[in-house]
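Visitor: Before we start, here is the structure in question, set down as structure tokens.
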Amino acid sequence: MNPPVATTFFFYLLAAIMLIGGVFVITRKNAVHSALALIATLLAQAGIYLMLYAPFVAGVQIILYAGGIMVLFLFVIMLISIERSLKERMLNRQWVVGGLAALALGALFISVYVKGKNLFPTPKVPVFETNNTQTVGNLLYGQYMFPFEIASLLLLVAIIGAVVMAKKRI
Amino acid sequence: MGALLQYIQSYLSSDKTPGAAGNFFWATVYILLVFLGLSVAVIAMNWLERKILAHMQVRLGPMRVGPHGLLQPIADAIKLLLKEDIMPAEADGLVFWTAPLIVVLAAFTVFVVVPFGPAHAITDMNIGILFMLGVSSLSVLGIVMAGWASNSHYPLMGALRSSAQMVSYEVAMGLAVVSVIIMTSLNDQGTGTLSMIGIVQSQMAQGEWFVFKFFPLGLIGFAIFAIAMVAETNRAPFDLPEAESELTAGFHTEYSGFRWSLFFLAEYSAMIAVSSIAVTLWLGGWLRPFPNWLHGATWDLIFSLVPGITFLLLGAITFFNVVRMPKHPLFKIQTIGLAGFGAVLGLIGLLLFLPPVRDRVGDIFWFSAKVAGFMYLYIWYRGTFPRYRFDQLMKVGWKVLLPTGLGLLILTAGVGMRTEIWKAIQGATQR
Amino acid sequence: MDALTHISILHYIVLAAALFILGVVGVLTRRNVVVILMSIELILNAVNLNLVAFSRYWQAMHGPPALHGQVFAIFVITDAAAEAAVGLGILIAFFRNKETVNMDEVNLMKW
């Protein structure tokens, strides 16, 4: 097996796409532009999953997030007219407080990571594996059977909830 | 030169995909070959669709540019490239500009994992089929972007219809695919595979195509996929996003010139992509007919001659039409051109008889032949079925295909585990 | 320079934290409900990134079959799908009643 190619470069590239996309999500006035930036972020994250040797999660990320959830978002954005919201102000009244609180949280994270960076020793050997999907499947249907069933119940509730909410007359 | 030839030969005799061998040079070569082949296939499809549709409707179709209109696609391409590229004044520039790119990228990226043969794929992924479904589902994003960015009513309606339709049919499609993945797990290890090459190999190991597996369960899964894939690619009778009688041209109404041709390219290569999923999953991929039953050196030789014979036959048909060309001085160039085309087909046929070529291209031929069958089906659908109404489309997707797919999934799992279930029942009754 | 050329687990965690903060800022400051829902997706993705990164770390310590983080990432994606469906359903019902998608106009309890 060959060693991975230019891992560092790809990590910084994908991380940059993710962060720039994330910034665009919260700063664009037009919701469609936000959604497209979010799609870029999600796809870059799928790439990061591949770098972490999690191909199955990457595939699920592309199918479910980029191909499913984001299409739903775009669909809803097109249903509601966005012309009016383009003329209104973008931020709510407590945006200063909100921003400060988020920055405080960020400062907390930074202090934790600076203080505790020795807690994460780097893994010695990268684990190459060819049967990631099979292993995830075994865990999902073996050890995590009960959470899996709960998740299916959650999805059922979500379907019913969405229909009840969105349908004019049931 | 000799070293280069030897290198090429040594590579050609290996049975690994370039991705698995980690060979960048051959991976690039394969990517270029697939791209070239795909472009040729799209051009051929363009001509064939117009011709076949015309003959179904008792017309002649394109006849003017080249003999029997053979040069019509090239003329169309030149016309599209020379056309003015218009962007609506109120359009959202960046989104309008990137939408066709996304559609084309999604349609072409899918071919990274399509297995044209055991060694003829760009690469083989552990999550092959998941990758294909995921990337092909990204093309809906491009369509939605195109429809929204045009800032016009028909494209917006087309995009709304398209997103609703593709998301609904993806569910049924996924269920049909999962039933196949359950079938691949019926081996000694008890683990299935998502890799495209692995799926075909397990069909070989189990001795039957998955269409015929657990008759009629495999057939039902195939039927669900075959319906859903027509809806996924926005083709007739599910072509509501671009229904010309209702929405002018749907999501690409405002596109012209080169960008429109990108949408065109993407539509046809997406058709080829979903057809190759269907072929890989249900129709045995690159396997020739009866690889287990009619095996042995003689049968291998006979089946390896089929590609050459097919091309010779096509050349013969072309020469038959050369003879039927009008004997008028005006048609002289056209007759010579058609004869030249026939000669090229015949030469390809002769080339395919050479033993080293014969051994290498057999699997590619069978794969392409099966995909070509699907392409004909697409044209046939378009010539035969009237367009669905949107509520009918949704009803078919959610109330027919989805429950059938769910039932199929449970039944496939049950039949696959029948010995275990039977043992469990026996154990329970004996106790 | 060594910290830049070698990608350790800390890199992934810092990236996830940055994404999380971006999501939190979006939720706390924006008015448009659609953008708020998208910011929530950002937050969920940051969590997912952490889970998968930890899964890789755990795997390097304990051998290949230990993929619990990835399994949980899949559960989180399922949750995100359910959340998006219900959230957007509520949004459509809200838009139908009040003709707006602004968060600070969701004040029916003040009647």
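Going through the structure tokens in order, the chains are called A, B, and so on, while each chain numbers its residues from 1 and the ligands are numbered from 1 in the order shown.
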Env of stretch 84-93 of chain A: 7 Å cut, atoms = only C-alpha atoms, seq-sep filter 4 positions within chain, self excluded. Answer as a PDB file with C-alpha atoms, in the first residue's frame.
Guide:
ATOM      1  CA  LYS A  29     -27.717  37.975   3.073  1.00  0.00           C
ATOM      2  CA  ASN A  30     -29.176  35.757   0.369  1.00  0.00           C
TER       3      ASN A  30
ATOM      4  CA  THR C  29     -27.128  36.657  15.392  1.00  0.00           C
ATOM      5  CA  ARG C  30     -29.120  35.920  12.232  1.00  0.00           C
ATOM      6  CA  ARG C  31     -32.835  36.638  11.776  1.00  0.00           C
TER       7      ARG C  31
END
Visitor: Could you pull the residues within 7 Å of stretch 73-75 of chain C, counting only C-alpha atoms, minus those fewer than 5 positions along the same chain, as an mmCIF file with C-alpha atoms, in the first residue's frame?
Guide:
data_model
loop_
_atom_site.group_PDB
_atom_site.id
_atom_site.type_symbol
_atom_site.label_atom_id
_atom_site.label_comp_id
_atom_site.auth_asym_id
_atom_site.auth_seq_id
_atom_site.Cartn_x
_atom_site.Cartn_y
_atom_site.Cartn_z
ATOM 1 C CA VAL A 57 -19.376 8.139 6.601
ATOM 2 C CA ASN C 48 -19.505 14.814 13.519
ATOM 3 C CA LEU C 51 -16.608 12.040 16.451
ATOM 4 C CA VAL C 52 -14.904 10.698 13.349
#
Visitor: Report as a ChimeraX atom specification all protein, DNA and RNA residues lying within 9 Å of C:Glu41, evaluated on only C-alpha atoms, omitting residues in the same chain fewer than 5 positions from it.
Guide: /A:38 /C:23,36,46,80,84
Visitor: DSSP on the backbone, helix (DSSP H, G or I) only: what residues of stretch 45-159 of chain A does that give? Format it as a count of residues only.
Guide: 86
Visitor: Just checking: using only C-alpha atoms, which residue out of C:Ala81, C:Leu108, C:Ala16, C:Val47 ends up closest to chain A?
Guide: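 Result for the nearest residue to chain A: C:Ala81.
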Visitor: Would you kindly report the residues of chain B within 10 Å of chain A, using only C-alpha atoms, as a compact mmCIF listing (two decimals) with C-alpha atoms, in the first residue's frame?
Guide:
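The result, stored in iface18.txt:
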# COMPACT_ATOMS: atom_id res chain seq x y z
CA ALA B 20 -5.54 -0.42 -7.01
CA ALA B 21 -2.05 -0.54 -8.54
CA GLY B 22 -1.46 3.04 -7.44
CA ASP B 92 -27.34 35.74 -10.29
CA LEU B 94 -21.84 33.36 -10.16
CA VAL B 95 -24.54 30.78 -9.52
CA MET B 125 -13.72 1.85 -4.14
CA ASN B 126 -14.85 0.12 -1.02
CA ILE B 127 -17.96 2.33 -1.18
CA GLY B 128 -18.33 2.19 -4.98
CA ILE B 129 -22.10 2.09 -5.36
CA LEU B 130 -22.59 4.57 -2.52
CA PHE B 131 -20.18 6.92 -4.28
CA MET B 132 -22.04 6.57 -7.56
CA LEU B 133 -25.45 7.24 -6.03
CA GLY B 134 -24.09 10.13 -3.99
CA VAL B 135 -22.27 11.90 -6.77
CA SER B 136 -25.07 11.42 -9.27
CA SER B 137 -27.47 12.89 -6.70
CA LEU B 138 -25.32 16.03 -6.69
CA SER B 139 -26.45 16.88 -10.20
CA VAL B 140 -29.84 17.90 -8.83
CA LEU B 141 -28.02 20.72 -7.03
CA VAL B 144 -31.75 23.71 -8.82
CA MET B 145 -29.02 26.34 -9.02
CA GLY B 147 -33.35 27.19 -12.24
CA TRP B 148 -33.03 29.64 -9.39
CA ALA B 149 -30.20 31.74 -10.81
CA LEU B 156 -37.83 28.12 -11.32
CA MET B 157 -40.83 25.85 -11.84
CA ALA B 159 -36.08 23.40 -10.78
CA LEU B 160 -38.80 22.94 -8.14
CA ARG B 161 -40.25 19.99 -10.03
CA SER B 162 -36.83 18.53 -10.62
CA SER B 163 -35.73 18.68 -7.00
CA ALA B 164 -39.00 17.17 -5.73
CA MET B 166 -35.27 13.47 -7.91
CA VAL B 167 -35.41 13.39 -4.13
CA SER B 168 -38.53 11.20 -4.22
CA GLU B 170 -33.80 8.49 -5.05
CA VAL B 171 -35.48 6.75 -2.11
CA THR B 191 -20.37 -10.22 4.22
CA GLY B 192 -21.58 -8.31 1.21
CA THR B 193 -19.80 -5.61 -0.71
CA LEU B 194 -20.49 -2.11 -1.99
Visitor: When distances are computed from only C-alpha atoms, which of A:Gly99, A:Phe148, A:Lys117, A:Val163 shows the smallest separation from A:Ile26?
Guide: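 Result for the nearest residue to A:Ile26: A:Gly99.
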Visitor: Report as an NGL selection string all protein, DNA and RNA residues lying within 9 Å of A:Leu155, evaluated on only C-alpha atoms, omitting residues in the same chain fewer than 3 positions from it.
Guide: (:A and (150-152 or 158-160)) or (:C and (78-79 or 81-82))
Visitor: So which one's closest to B:Leu175, B:Leu262, B:Leu408, B:Val322, B:Met417? Using only C-alpha atoms, please.
Guide: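 Among the listed residues, B:Leu408 lies closest to B:Leu175.
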Visitor: Would you compute the distance between atom CA of B:Thr384 and atom CA of B:Gln72? Give it in Å to one decimal.
Guide: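 It comes out at 24.1 Å.
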Visitor: By how many Å are atom CA of B:Ile199 and atom CA of B:Trp286 apart?
Guide: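 Straight-line distance from atom CA of B:Ile199 to atom CA of B:Trp286 works out to 11.1 Å.
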Visitor: Just how far from atom CA of B:Ala44 is atom CA of B:Gly308, in Å to one decimal?
Guide: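 Computing it gives 19.3 Å between the two atoms.
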Visitor: Can you tell me which residues surround B:Tyr268 at a distance of at most 8 Å, considering only C-alpha atoms, apart from same-chain residues fewer than 3 positions away, and format the answer as a VMD selection string?
Guide: chain B and resid 42 45 264 to 265 271 to 272
